[in-house]
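Colleague: So here's my_file.txt (compact mmCIF, C-alpha atoms and all ligand atoms).
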```
# COMPACT_ATOMS: atom_id res chain seq x y z
CA MET A 1 4.27 -20.98 11.96
CA SER A 2 4.18 -18.03 9.57
CA THR A 3 2.77 -18.67 6.10
CA ALA A 4 4.35 -15.51 4.64
CA GLY A 5 6.38 -16.18 1.49
CA LYS A 6 4.97 -19.70 1.14
CA ILE A 7 2.29 -21.21 -1.06
CA ILE A 8 -0.94 -21.66 0.91
CA LYS A 9 -3.16 -24.64 0.17
CA CYS A 10 -6.79 -23.90 0.97
CA LYS A 11 -10.37 -24.36 -0.15
CA ALA A 12 -11.92 -22.30 -2.92
CA ALA A 13 -15.12 -22.41 -5.00
CA VAL A 14 -13.92 -22.89 -8.58
CA LEU A 15 -16.17 -22.27 -11.60
CA TRP A 16 -14.89 -24.62 -14.33
CA GLU A 17 -17.79 -24.18 -16.76
CA LEU A 18 -20.57 -21.63 -17.29
CA LYS A 19 -24.02 -22.43 -15.92
CA LYS A 20 -22.59 -25.17 -13.65
CA PRO A 21 -22.38 -25.23 -9.83
CA PHE A 22 -19.14 -24.26 -8.14
CA SER A 23 -16.86 -27.08 -7.16
CA ILE A 24 -15.16 -26.73 -3.77
CA GLU A 25 -11.53 -27.57 -4.49
CA GLU A 26 -8.14 -27.44 -2.87
CA VAL A 27 -6.26 -24.60 -4.55
CA GLU A 28 -2.71 -23.30 -4.21
CA VAL A 29 -2.45 -19.60 -3.53
CA ALA A 30 0.98 -18.16 -4.39
CA PRO A 31 2.59 -15.52 -2.14
CA PRO A 32 1.91 -11.88 -3.07
CA LYS A 33 4.34 -10.18 -5.48
CA ALA A 34 5.93 -6.78 -4.68
CA SER A 35 2.78 -4.61 -4.90
CA GLU A 36 0.31 -7.31 -3.80
CA VAL A 37 -1.50 -8.39 -0.65
CA ARG A 38 -2.62 -11.89 0.42
CA ILE A 39 -5.85 -11.88 2.42
CA LYS A 40 -7.47 -14.46 4.68
CA MET A 41 -11.16 -14.15 3.83
CA VAL A 42 -13.62 -13.79 6.72
CA ALA A 43 -16.94 -13.00 4.99
CA THR A 44 -18.27 -12.52 1.48
CA GLY A 45 -21.68 -11.55 0.13
CA LEU A 46 -23.32 -13.13 -2.89
CA CYS A 47 -24.16 -10.49 -5.49
CA ARG A 48 -26.20 -10.87 -8.68
CA THR A 49 -23.15 -9.79 -10.67
CA ASP A 50 -21.39 -13.03 -9.63
CA ASP A 51 -24.44 -14.87 -10.93
CA HIS A 52 -24.27 -12.95 -14.23
CA MET A 53 -20.75 -14.35 -14.60
CA ILE A 54 -21.94 -17.92 -13.92
CA SER A 55 -24.68 -17.56 -16.53
CA GLY A 56 -22.26 -16.11 -19.09
CA GLN A 57 -24.16 -12.83 -19.32
CA LEU A 58 -20.87 -10.98 -18.91
CA ALA A 59 -17.77 -12.44 -20.58
CA LEU A 60 -14.98 -13.91 -18.45
CA PRO A 61 -12.03 -16.34 -18.80
CA LEU A 62 -12.42 -19.79 -17.15
CA PRO A 63 -11.74 -21.54 -14.81
CA VAL A 64 -12.27 -18.69 -12.37
CA ILE A 65 -12.73 -17.88 -8.70
CA LEU A 66 -15.57 -15.34 -8.44
CA GLY A 67 -16.68 -13.14 -5.50
CA HIS A 68 -16.26 -9.37 -5.13
CA GLU A 69 -18.09 -8.24 -1.96
CA ALA A 70 -15.81 -9.22 0.89
CA ALA A 71 -13.86 -8.47 4.02
CA GLY A 72 -10.91 -10.26 5.56
CA ILE A 73 -7.58 -10.00 7.37
CA VAL A 74 -4.22 -9.34 5.72
CA GLU A 75 -2.03 -12.48 5.91
CA SER A 76 1.10 -11.15 4.15
CA ILE A 77 2.23 -8.32 1.87
CA GLY A 78 4.73 -7.74 -0.93
CA GLU A 79 7.85 -5.63 -0.21
CA GLU A 80 6.50 -2.46 -1.89
CA VAL A 81 3.17 -2.41 -0.04
CA THR A 82 2.75 0.52 2.35
CA THR A 83 -0.98 1.04 2.97
CA VAL A 84 -1.86 -2.25 4.74
CA LYS A 85 0.07 -4.67 6.97
CA PRO A 86 -0.42 -8.25 8.22
CA GLY A 87 -3.25 -8.45 10.75
CA ASP A 88 -5.18 -5.45 9.38
CA LYS A 89 -8.91 -5.82 8.86
CA VAL A 90 -9.66 -4.90 5.24
CA ILE A 91 -12.38 -4.60 2.62
CA LEU A 92 -11.60 -5.73 -0.93
CA LEU A 93 -12.20 -3.15 -3.67
CA PHE A 94 -13.52 -4.50 -6.96
CA LEU A 95 -12.88 -1.04 -8.38
CA PRO A 96 -9.27 -0.20 -7.52
CA GLN A 97 -7.94 3.25 -6.75
CA CYS A 98 -4.34 3.43 -8.00
CA GLY A 99 -4.10 7.12 -7.13
CA LYS A 100 -1.99 7.77 -10.26
CA CYS A 101 -4.22 7.50 -13.35
CA ALA A 102 -6.24 10.30 -14.98
CA VAL A 103 -9.46 9.11 -13.34
CA CYS A 104 -7.96 8.77 -9.85
CA ASN A 105 -6.50 12.26 -10.21
CA HIS A 106 -9.83 13.76 -11.33
CA PRO A 107 -12.26 14.87 -8.62
CA GLU A 108 -15.16 13.12 -10.40
CA GLY A 109 -15.31 9.52 -11.58
CA ASN A 110 -14.08 6.29 -10.02
CA ILE A 111 -13.36 3.88 -12.88
CA CYS A 112 -9.62 3.74 -12.12
CA LEU A 113 -7.81 2.80 -15.32
CA LYS A 114 -6.25 -0.20 -13.53
CA ASN A 115 -9.71 -1.79 -13.15
CA ASP A 116 -10.44 -5.33 -14.29
CA VAL A 117 -14.20 -4.76 -14.44
CA ILE A 118 -15.06 -3.23 -17.81
CA VAL A 119 -13.20 -5.86 -19.90
CA PRO A 120 -12.11 -8.51 -17.36
CA ARG A 121 -8.75 -10.17 -18.10
CA GLY A 122 -8.93 -12.25 -14.93
CA THR A 123 -5.29 -11.72 -14.03
CA MET A 124 -3.15 -9.63 -11.73
CA GLN A 125 -1.60 -6.44 -13.17
CA ASP A 126 1.40 -8.44 -14.52
CA GLY A 127 -0.88 -10.68 -16.59
CA THR A 128 -0.39 -13.83 -14.45
CA THR A 129 -2.58 -15.52 -11.82
CA ARG A 130 -1.83 -16.48 -8.19
CA PHE A 131 -4.27 -19.43 -8.09
CA THR A 132 -3.55 -23.00 -9.23
CA CYS A 133 -5.93 -25.94 -9.08
CA ARG A 134 -5.20 -29.49 -10.27
CA GLY A 135 -2.02 -28.11 -11.87
CA LYS A 136 -3.91 -25.49 -13.94
CA PRO A 137 -3.88 -21.72 -13.48
CA VAL A 138 -7.22 -20.36 -12.26
CA TYR A 139 -8.32 -16.85 -13.22
CA HIS A 140 -9.09 -14.00 -10.84
CA PHE A 141 -12.30 -11.98 -10.94
CA PHE A 142 -12.54 -8.17 -10.61
CA ASN A 143 -9.16 -8.36 -8.83
CA THR A 144 -10.90 -9.69 -5.71
CA SER A 145 -11.85 -13.44 -6.04
CA SER A 146 -13.34 -13.68 -2.58
CA PHE A 147 -14.85 -17.18 -2.98
CA SER A 148 -11.60 -18.59 -1.60
CA GLU A 149 -10.22 -18.95 1.92
CA TYR A 150 -7.21 -16.92 0.74
CA SER A 151 -6.90 -14.50 -2.17
CA VAL A 152 -4.18 -12.25 -3.58
CA VAL A 153 -5.10 -8.74 -4.70
CA ASP A 154 -3.19 -5.68 -5.80
CA GLU A 155 -2.59 -3.09 -3.08
CA THR A 156 -4.84 -0.72 -5.03
CA SER A 157 -7.75 -3.18 -4.54
CA VAL A 158 -7.78 -3.34 -0.76
CA VAL A 159 -8.27 -0.84 2.05
CA GLN A 160 -7.80 -0.98 5.82
CA ILE A 161 -10.89 -0.39 7.97
CA ASP A 162 -11.73 0.10 11.66
CA PRO A 163 -10.35 -2.94 13.58
CA ALA A 164 -13.56 -3.02 15.64
CA SER A 165 -15.84 -3.48 12.63
CA PRO A 166 -17.87 -6.70 12.22
CA LEU A 167 -16.53 -8.16 8.96
CA GLU A 168 -19.60 -10.35 8.39
CA LYS A 169 -21.63 -7.14 7.99
CA VAL A 170 -19.28 -4.52 6.60
CA CYS A 171 -18.33 -6.86 3.73
CA LEU A 172 -21.51 -5.42 2.15
CA ILE A 173 -19.75 -2.06 1.88
CA GLY A 174 -17.53 -3.85 -0.65
CA CYS A 175 -20.44 -3.84 -3.13
CA ALA A 176 -24.20 -3.72 -2.42
CA PHE A 177 -24.20 -0.87 0.06
CA SER A 178 -21.76 1.44 -1.70
CA THR A 179 -23.16 0.68 -5.15
CA GLY A 180 -26.75 1.39 -4.14
CA TYR A 181 -26.39 4.09 -1.51
CA GLY A 182 -23.72 5.99 -3.43
CA SER A 183 -25.88 6.05 -6.55
CA ALA A 184 -28.43 8.09 -4.61
CA VAL A 185 -26.25 10.31 -2.46
CA ASN A 186 -23.11 10.59 -4.55
CA VAL A 187 -23.48 10.07 -8.28
CA ALA A 188 -22.58 13.48 -9.67
CA LYS A 189 -22.94 16.22 -7.15
CA LYS A 190 -25.15 18.32 -9.42
CA THR A 191 -27.78 15.62 -9.70
CA GLN A 192 -27.76 14.27 -6.16
CA VAL A 193 -31.15 13.29 -4.81
CA THR A 194 -32.61 16.41 -3.25
CA LYS A 195 -34.67 17.01 -0.14
CA GLY A 196 -38.39 16.63 -0.73
CA SER A 197 -37.92 14.94 -4.12
CA THR A 198 -39.78 11.96 -5.56
CA CYS A 199 -37.71 8.92 -6.54
CA ALA A 200 -38.43 5.61 -8.28
CA VAL A 201 -36.25 2.53 -7.74
CA PHE A 202 -36.57 -0.40 -10.20
CA GLY A 203 -35.30 -3.65 -8.65
CA LEU A 204 -35.27 -4.36 -4.91
CA GLY A 205 -32.34 -6.74 -4.53
CA GLY A 206 -29.46 -6.03 -2.14
CA VAL A 207 -28.27 -3.15 -4.31
CA GLY A 208 -31.72 -1.65 -5.00
CA LEU A 209 -32.61 -1.65 -1.29
CA CYS A 210 -29.42 0.33 -0.63
CA VAL A 211 -30.53 2.84 -3.28
CA VAL A 212 -33.77 3.21 -1.30
CA MET A 213 -31.71 3.82 1.86
CA GLY A 214 -29.67 6.46 0.01
CA CYS A 215 -32.78 8.24 -1.30
CA LYS A 216 -34.18 8.32 2.22
CA ALA A 217 -30.91 9.59 3.70
CA ALA A 218 -30.86 12.35 1.06
CA GLY A 219 -34.30 13.47 2.22
CA ALA A 220 -36.57 12.22 -0.59
CA ALA A 221 -40.23 12.74 0.30
CA ARG A 222 -41.52 9.84 -1.82
CA ILE A 223 -39.72 6.67 -2.84
CA ILE A 224 -41.67 4.48 -5.28
CA ALA A 225 -40.22 0.96 -5.27
CA VAL A 226 -40.86 -1.31 -8.28
CA ASP A 227 -40.36 -5.10 -8.35
CA PRO A 228 -42.44 -8.05 -9.61
CA ASN A 229 -41.38 -10.06 -6.51
CA LYS A 230 -43.68 -8.78 -3.74
CA TYR A 231 -41.64 -10.62 -1.12
CA LYS A 232 -39.22 -7.68 -1.46
CA PHE A 233 -41.83 -5.05 -0.50
CA ALA A 234 -41.67 -5.49 3.28
CA LYS A 235 -37.88 -4.94 3.27
CA ALA A 236 -38.24 -1.99 0.91
CA GLN A 237 -40.70 -0.34 3.29
CA GLU A 238 -38.45 -1.12 6.24
CA VAL A 239 -35.56 0.80 4.61
CA GLY A 240 -37.66 3.76 3.41
CA ALA A 241 -39.89 3.04 0.39
CA THR A 242 -43.15 4.99 0.65
CA GLU A 243 -44.99 3.04 -2.08
CA CYS A 244 -44.31 -0.42 -3.56
CA ILE A 245 -45.71 -1.56 -6.90
CA SER A 246 -45.44 -4.63 -9.11
CA PRO A 247 -45.53 -4.19 -12.92
CA GLN A 248 -47.69 -7.33 -13.03
CA ASP A 249 -50.57 -5.55 -11.28
CA PHE A 250 -51.08 -3.06 -14.13
CA LYS A 251 -52.22 -3.33 -17.73
CA LYS A 252 -50.44 -0.15 -18.83
CA PRO A 253 -46.62 0.11 -19.00
CA ILE A 254 -45.03 0.63 -15.60
CA HIS A 255 -43.40 3.95 -16.57
CA GLU A 256 -46.88 5.37 -17.29
CA VAL A 257 -48.04 4.20 -13.87
CA VAL A 258 -45.08 5.85 -12.14
CA LYS A 259 -45.56 9.06 -14.15
CA GLU A 260 -49.20 9.24 -13.07
CA MET A 261 -48.35 8.51 -9.44
CA SER A 262 -45.83 11.35 -9.46
CA GLY A 263 -47.87 13.95 -11.34
CA GLY A 264 -45.86 13.90 -14.58
CA GLY A 265 -42.63 12.11 -13.74
CA VAL A 266 -40.28 11.51 -10.83
CA ASP A 267 -37.29 13.72 -10.04
CA PHE A 268 -34.88 10.75 -9.87
CA SER A 269 -35.11 7.17 -11.10
CA PHE A 270 -32.71 4.25 -10.64
CA GLU A 271 -32.40 1.05 -12.67
CA VAL A 272 -31.12 -1.73 -10.43
CA VAL A 273 -32.19 -4.79 -12.44
CA GLY A 274 -29.82 -4.95 -15.42
CA GLN A 275 -32.35 -5.28 -18.25
CA HIS A 276 -33.02 -3.12 -21.30
CA ASP A 277 -36.76 -2.80 -20.67
CA THR A 278 -36.26 -1.55 -17.12
CA ILE A 279 -33.49 0.83 -18.22
CA VAL A 280 -35.93 2.41 -20.69
CA SER A 281 -38.82 2.38 -18.17
CA ALA A 282 -36.65 4.10 -15.57
CA LEU A 283 -35.56 6.75 -18.06
CA SER A 284 -39.12 7.28 -19.34
CA CYS A 285 -40.71 7.64 -15.89
CA CYS A 286 -38.50 10.53 -14.80
CA HIS A 287 -39.77 14.03 -15.53
CA LYS A 288 -39.25 15.00 -19.18
CA ALA A 289 -37.91 18.46 -18.33
CA TYR A 290 -35.70 17.91 -15.27
CA GLY A 291 -35.74 14.21 -14.38
CA VAL A 292 -32.48 12.35 -13.75
CA SER A 293 -32.18 8.61 -14.37
CA VAL A 294 -29.26 6.54 -13.09
CA ILE A 295 -28.29 3.13 -14.55
CA ILE A 296 -26.77 0.74 -12.00
CA GLY A 297 -27.49 -2.62 -13.65
CA ALA A 298 -25.56 -3.96 -16.63
CA PRO A 299 -27.49 -5.83 -19.33
CA PRO A 300 -25.78 -8.66 -21.29
CA SER A 301 -22.51 -7.31 -22.69
CA SER A 302 -23.23 -8.20 -26.31
CA GLU A 303 -26.47 -6.24 -26.72
CA ASP A 304 -26.95 -2.60 -27.74
CA LEU A 305 -29.83 -0.54 -26.44
CA ARG A 306 -31.99 1.67 -28.67
CA ILE A 307 -33.91 4.63 -27.28
CA ASP A 308 -35.95 7.48 -28.70
CA PRO A 309 -33.58 10.51 -28.48
CA THR A 310 -36.56 12.76 -27.71
CA LEU A 311 -36.48 11.29 -24.23
CA LEU A 312 -33.26 13.26 -23.67
CA LEU A 313 -33.99 16.21 -25.95
CA THR A 314 -36.68 17.52 -23.62
CA GLY A 315 -34.24 17.86 -20.72
CA ARG A 316 -33.82 14.52 -18.95
CA THR A 317 -30.35 13.58 -17.66
CA TRP A 318 -29.19 9.98 -18.08
CA LYS A 319 -26.29 8.73 -15.99
CA GLY A 320 -24.63 5.54 -14.86
CA ALA A 321 -22.44 4.51 -11.96
CA ILE A 322 -20.43 1.57 -10.72
CA PHE A 323 -19.75 1.35 -7.00
CA GLY A 324 -21.94 4.39 -6.40
CA GLY A 325 -19.33 6.73 -7.84
CA TYR A 326 -17.13 6.22 -4.76
CA LYS A 327 -13.35 6.16 -5.00
CA GLY A 328 -12.80 3.05 -2.87
CA LYS A 329 -9.59 3.76 -0.95
CA ASP A 330 -10.83 7.23 0.05
CA SER A 331 -14.45 6.38 0.78
CA VAL A 332 -14.77 2.84 2.12
CA PRO A 333 -13.11 3.48 5.52
CA LYS A 334 -15.43 6.51 5.97
CA LEU A 335 -18.49 4.42 5.10
CA VAL A 336 -17.38 1.80 7.65
CA ALA A 337 -17.01 4.59 10.24
CA ASP A 338 -20.54 5.80 9.37
CA PHE A 339 -21.84 2.25 9.83
CA MET A 340 -20.09 2.01 13.21
CA ALA A 341 -21.73 5.35 14.13
CA LYS A 342 -25.10 3.73 13.25
CA LYS A 343 -25.80 6.16 10.39
CA PHE A 344 -27.27 3.34 8.28
CA PRO A 345 -28.26 -0.30 8.84
CA LEU A 346 -26.80 -3.29 7.03
CA ASP A 347 -28.74 -5.99 8.89
CA SER A 348 -31.91 -5.17 6.95
CA ILE A 349 -30.52 -6.60 3.73
CA ILE A 350 -28.87 -9.73 5.22
CA THR A 351 -31.45 -12.51 4.97
CA HIS A 352 -29.16 -15.56 5.18
CA VAL A 353 -25.77 -16.47 6.66
CA LEU A 354 -24.19 -19.75 5.48
CA PRO A 355 -20.83 -21.47 5.81
CA PHE A 356 -18.62 -20.96 2.74
CA GLU A 357 -19.04 -24.60 1.62
CA LYS A 358 -22.77 -23.96 1.07
CA ILE A 359 -22.11 -21.44 -1.69
CA ASN A 360 -24.26 -23.29 -4.27
CA GLU A 361 -27.19 -23.27 -1.84
CA GLY A 362 -26.67 -19.52 -1.43
CA PHE A 363 -26.91 -18.93 -5.18
CA ASP A 364 -30.03 -21.12 -5.38
CA LEU A 365 -31.64 -18.82 -2.79
CA LEU A 366 -30.71 -15.75 -4.85
CA ARG A 367 -32.04 -17.25 -8.10
CA SER A 368 -35.32 -18.30 -6.54
CA GLY A 369 -35.88 -14.76 -5.22
CA LYS A 370 -35.97 -16.01 -1.62
CA SER A 371 -32.92 -14.12 -0.39
CA ILE A 372 -31.71 -10.55 -0.54
CA ARG A 373 -28.14 -10.90 0.64
CA THR A 374 -26.58 -14.17 1.73
CA ILE A 375 -23.31 -13.81 3.59
CA LEU A 376 -20.86 -16.71 3.46
CA THR A 377 -18.55 -17.02 6.44
CA PHE A 378 -15.16 -18.79 6.35
N1 LIG A 401 -38.86 -4.60 -12.81
C1 LIG A 401 -38.44 -4.34 -11.55
N2 LIG A 401 -37.67 -5.20 -10.85
C2 LIG A 401 -37.33 -6.37 -11.42
C3 LIG A 401 -37.74 -6.70 -12.73
C4 LIG A 401 -38.53 -5.76 -13.44
N3 LIG A 401 -38.96 -5.99 -14.69
N4 LIG A 401 -37.25 -7.94 -13.03
C5 LIG A 401 -36.55 -8.36 -11.96
N5 LIG A 401 -36.61 -7.43 -10.98
C6 LIG A 401 -36.05 -7.45 -9.63
C7 LIG A 401 -35.86 -8.86 -9.05
O1 LIG A 401 -37.07 -9.41 -8.59
C8 LIG A 401 -34.89 -8.57 -7.92
O2 LIG A 401 -35.55 -8.26 -6.71
C9 LIG A 401 -34.12 -7.32 -8.39
O3 LIG A 401 -34.76 -6.91 -9.61
C10 LIG A 401 -32.65 -7.61 -8.68
O4 LIG A 401 -32.04 -7.96 -7.49
P1 LIG A 401 -30.85 -9.04 -7.34
O5 LIG A 401 -30.79 -9.46 -5.91
O6 LIG A 401 -31.02 -10.05 -8.39
O7 LIG A 401 -29.54 -8.21 -7.74
P2 LIG A 401 -28.50 -7.31 -6.92
O8 LIG A 401 -29.23 -6.27 -6.15
O9 LIG A 401 -27.52 -8.16 -6.20
O10 LIG A 401 -27.68 -6.63 -8.16
C11 LIG A 401 -28.34 -5.86 -9.07
C12 LIG A 401 -27.41 -5.32 -10.20
C13 LIG A 401 -28.30 -4.47 -11.08
C14 LIG A 401 -26.31 -4.47 -9.60
C15 LIG A 401 -26.76 -6.50 -10.98
O11 LIG A 401 -27.73 -7.39 -11.42
C16 LIG A 401 -25.99 -5.99 -12.21
O12 LIG A 401 -26.56 -5.72 -13.26
N6 LIG A 401 -24.64 -5.89 -12.11
C17 LIG A 401 -23.81 -5.48 -13.18
C18 LIG A 401 -23.25 -4.11 -12.93
C19 LIG A 401 -21.98 -4.23 -12.17
O13 LIG A 401 -21.08 -4.91 -12.54
N7 LIG A 401 -21.92 -3.60 -11.01
C20 LIG A 401 -20.77 -3.70 -10.19
C21 LIG A 401 -20.77 -4.86 -9.25
S1 LIG A 401 -22.30 -5.21 -8.57
ZN ZN A 402 -21.81 -6.63 -6.70
ZN ZN A 403 -6.34 4.86 -10.98
```
Now, as a test, write the supplied structure out as structure tokens.
Ligand code: COD
Ligand code: ZN
Ligand code: ZN
Modeller:
Amino acid sequence: MSTAGKIIKCKAAVLWELKKPFSIEEVEVAPPKASEVRIKMVATGLCRTDDHMISGQLALPLPVILGHEAAGIVESIGEEVTTVKPGDKVILLFLPQCGKCAVCNHPEGNICLKNDVIVPRGTMQDGTTRFTCRGKPVYHFFNTSSFSEYSVVDETSVVQIDPASPLEKVCLIGCAFSTGYGSAVNVAKKTQVTKGSTCAVFGLGGVGLCVVMGCKAAGAARIIAVDPNKYKFAKAQEVGATECISPQDFKKPIHEVVKEMSGGGVDFSFEVVGQHDTIVSALSCCHKAYGVSVIIGAPPSSEDLRIDPTLLLTGRTWKGAIFGGYKGKDSVPKLVADFMAKKFPLDSIITHVLPFEKINEGFDLLRSGKSIRTILTF
């Protein structure tokens, strides 16, 4: 019996309070409105950004259904939707591409003005939610909310992909892969990692390892990987790091160590931790005359960062990127095609696969540093 046009009752992981475990609840998921799409979730990754939301590091309305790195199958669509249809395999886009705003119409940049990432409202474009639990509205997250068996997203936040693709792997193209890899190969054409260059990557989580992959794909000769958790080193080497160092093994500041290792500073550095000290270390360790440093992590929203302007005055370039600078609707299907053509691996960063109900266990693994990416399957 078709569920189109009807409320679907299903299981979702609801966050009622900050710093508390998710509670698996029955939720009601309303049918999609005119420009919306309801998706049956198949697989979702657990990203540190979800954890930042649980800890309150980034502000968000509650109760909420988190999750932003996911793939699924379209269950039903609103009457104005033209780019996906029921039965399509899709990836959810936490950065939408409306195709109409100033950013979407500019060749550079991907922060579509319809995004719900920079200052999350937790609602659909019309200001309402499609989730209800125990009679209360539940907020959306990044317009994706993949920690639910069904979710409703705007058409701009979903894209069709190759029907042959394995959703339990390509869900990573919904965040970790694109965010990391794109930061190396895509963030501003002029400063793309160049052949033979030396790179430094701070933070070897799921996203940082994909930065390493991107540096390697772009032809970097040396990739210096930095993380205090040495368990991450084997994976980093597997995906292309040439040297792995822990800040805890040195008395002097880590940026000095990296500068010495690279004969005066690296060509490109990447911050994939989300802390002020590592943002400054990454900037400081790139070459003072021509180094480029890319911020990928976001520190707590309420804190400003102070730096010595001389760091930039001498010629460094300082950049940032969300989702690797990719415009999602245009790029994600191509990245999936590249994965299907075996141009990059995703298996290397998947350390755990768990059923959806074990979501709290999955986050415990992430917090204890024992996992890289855990995939939840529905
Ligand atoms: N130096 C080097 N590495 C460190 C340090 C340090 N001082 N401290 C911790 N680390 C390492 C950890 O050991 C860990 O291996 C790694 O940093 C971080 O990895 P994860 O698995 O916790 O995180 P990821 O890879 O899932 O995500 C990293 C982000 C930086 C993307 C995330 O934390 C973040 O800041 N997100 C906000 C930005 C955003 O919203 N992006 C869009 C969606 S992801
Ligand atoms: Zn993410
Ligand atoms: Zn737009």
Colleague: Residues within 7 Å of ligand LIG 401 (chain A) (only C-alpha atoms and all ligand atoms), as a PyMOL selection string?
Modeller: chain A and resi 47-49+175-176+179+202-208+226-229+232+247+272-274+278+296-299+322-323+366+369+372
Colleague: Once you have the residues from the selection above, write them out as an mmCIF file, in the coordinates of the input, restricted to C-alpha atoms.
Modeller:
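Once written, again-v6.cif looks like this:
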```cif
data_model
loop_
_atom_site.group_PDB
_atom_site.id
_atom_site.type_symbol
_atom_site.label_atom_id
_atom_site.label_comp_id
_atom_site.auth_asym_id
_atom_site.auth_seq_id
_atom_site.Cartn_x
_atom_site.Cartn_y
_atom_site.Cartn_z
ATOM 1 C CA CYS A 47 -24.160 -10.490 -5.490
ATOM 2 C CA ARG A 48 -26.200 -10.870 -8.680
ATOM 3 C CA THR A 49 -23.150 -9.790 -10.670
ATOM 4 C CA CYS A 175 -20.440 -3.840 -3.130
ATOM 5 C CA ALA A 176 -24.200 -3.720 -2.420
ATOM 6 C CA THR A 179 -23.160 0.680 -5.150
ATOM 7 C CA PHE A 202 -36.570 -0.400 -10.200
ATOM 8 C CA GLY A 203 -35.300 -3.650 -8.650
ATOM 9 C CA LEU A 204 -35.270 -4.360 -4.910
ATOM 10 C CA GLY A 205 -32.340 -6.740 -4.530
ATOM 11 C CA GLY A 206 -29.460 -6.030 -2.140
ATOM 12 C CA VAL A 207 -28.270 -3.150 -4.310
ATOM 13 C CA GLY A 208 -31.720 -1.650 -5.000
ATOM 14 C CA VAL A 226 -40.860 -1.310 -8.280
ATOM 15 C CA ASP A 227 -40.360 -5.100 -8.350
ATOM 16 C CA PRO A 228 -42.440 -8.050 -9.610
ATOM 17 C CA ASN A 229 -41.380 -10.060 -6.510
ATOM 18 C CA LYS A 232 -39.220 -7.680 -1.460
ATOM 19 C CA PRO A 247 -45.530 -4.190 -12.920
ATOM 20 C CA VAL A 272 -31.120 -1.730 -10.430
ATOM 21 C CA VAL A 273 -32.190 -4.790 -12.440
ATOM 22 C CA GLY A 274 -29.820 -4.950 -15.420
ATOM 23 C CA THR A 278 -36.260 -1.550 -17.120
ATOM 24 C CA ILE A 296 -26.770 0.740 -12.000
ATOM 25 C CA GLY A 297 -27.490 -2.620 -13.650
ATOM 26 C CA ALA A 298 -25.560 -3.960 -16.630
ATOM 27 C CA PRO A 299 -27.490 -5.830 -19.330
ATOM 28 C CA ILE A 322 -20.430 1.570 -10.720
ATOM 29 C CA PHE A 323 -19.750 1.350 -7.000
ATOM 30 C CA LEU A 366 -30.710 -15.750 -4.850
ATOM 31 C CA GLY A 369 -35.880 -14.760 -5.220
ATOM 32 C CA ILE A 372 -31.710 -10.550 -0.540
#
```
Colleague: Check which residues fall inside 6 Å of ligand ZN 403 (chain A) when counting all atoms listed in the file, and print them as a list in words.
Modeller: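 Using all atoms listed in the file, I find these residues within 6 Å of ligand ZN 403 (chain A): Gln97, Cys98, Gly99, Lys100, Cys101, Val103, Cys104, Cys112, Leu113 and Lys114 of chain A.
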Colleague: Adding 3 Å on each side of the box along x, y and z that holds all listed atoms of range 111-129 of chain A, could you give its centre and edge lengths in Å to one decimal, as JSON?
Modeller:
```
{"center_x": -6.8, "center_y": -5.8, "center_z": -15.8, "size_x": 22.5, "size_y": 25.4, "size_z": 14.2}
```
Colleague: So, with only C-alpha atoms as the atoms that count, which of A:Pro61, A:Gly67, A:Gly196, A:Gly265 lies closest to Arg222 in chain A?
Modeller: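 Once distances to Arg222 in chain A are computed over only C-alpha atoms, the minimum belongs to A:Gly196.
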Colleague: For a quick check of understanding, using all atoms listed in the file, which of A:Val170, A:Leu365, A:Val212, A:Val353 has the smallest distance to Val332 in chain A?
Modeller: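 Using all atoms listed in the file, Val332 in chain A sits closest to A:Val170.
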Colleague: Counting all atoms listed in the file, which of A:Leu305, A:Cys210, A:Ala71, A:Met124 gets nearest to Gly182 in chain A?
Modeller: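 The shortest atom-to-atom distance to Gly182 in chain A comes from A:Cys210.
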Colleague: Pull out range 360-365 of chain A, keep N, CA, C and O atoms, and write it as a compact mmCIF listing (two decimals), in the first residue's frame.
Modeller:
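Result written to out08.txt:
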```txt
# COMPACT_ATOMS: atom_id res chain seq x y z
N ASN A 360 23.79 5.44 19.93
CA ASN A 360 24.55 5.96 21.08
C ASN A 360 25.90 5.25 21.22
O ASN A 360 26.90 5.88 21.56
N GLU A 361 25.90 3.95 20.93
CA GLU A 361 27.16 3.18 20.93
C GLU A 361 28.12 3.77 19.88
O GLU A 361 29.32 3.91 20.11
N GLY A 362 27.58 4.10 18.74
CA GLY A 362 28.38 4.68 17.65
C GLY A 362 29.04 5.98 18.09
O GLY A 362 30.23 6.21 17.83
N PHE A 363 28.30 6.84 18.78
CA PHE A 363 28.89 8.10 19.24
C PHE A 363 29.91 7.86 20.35
O PHE A 363 30.89 8.60 20.45
N ASP A 364 29.68 6.84 21.19
CA ASP A 364 30.69 6.52 22.21
C ASP A 364 32.01 6.14 21.55
O ASP A 364 33.09 6.53 22.00
N LEU A 365 31.93 5.37 20.46
CA LEU A 365 33.14 4.97 19.72
C LEU A 365 33.87 6.20 19.18
O LEU A 365 35.10 6.31 19.25
```
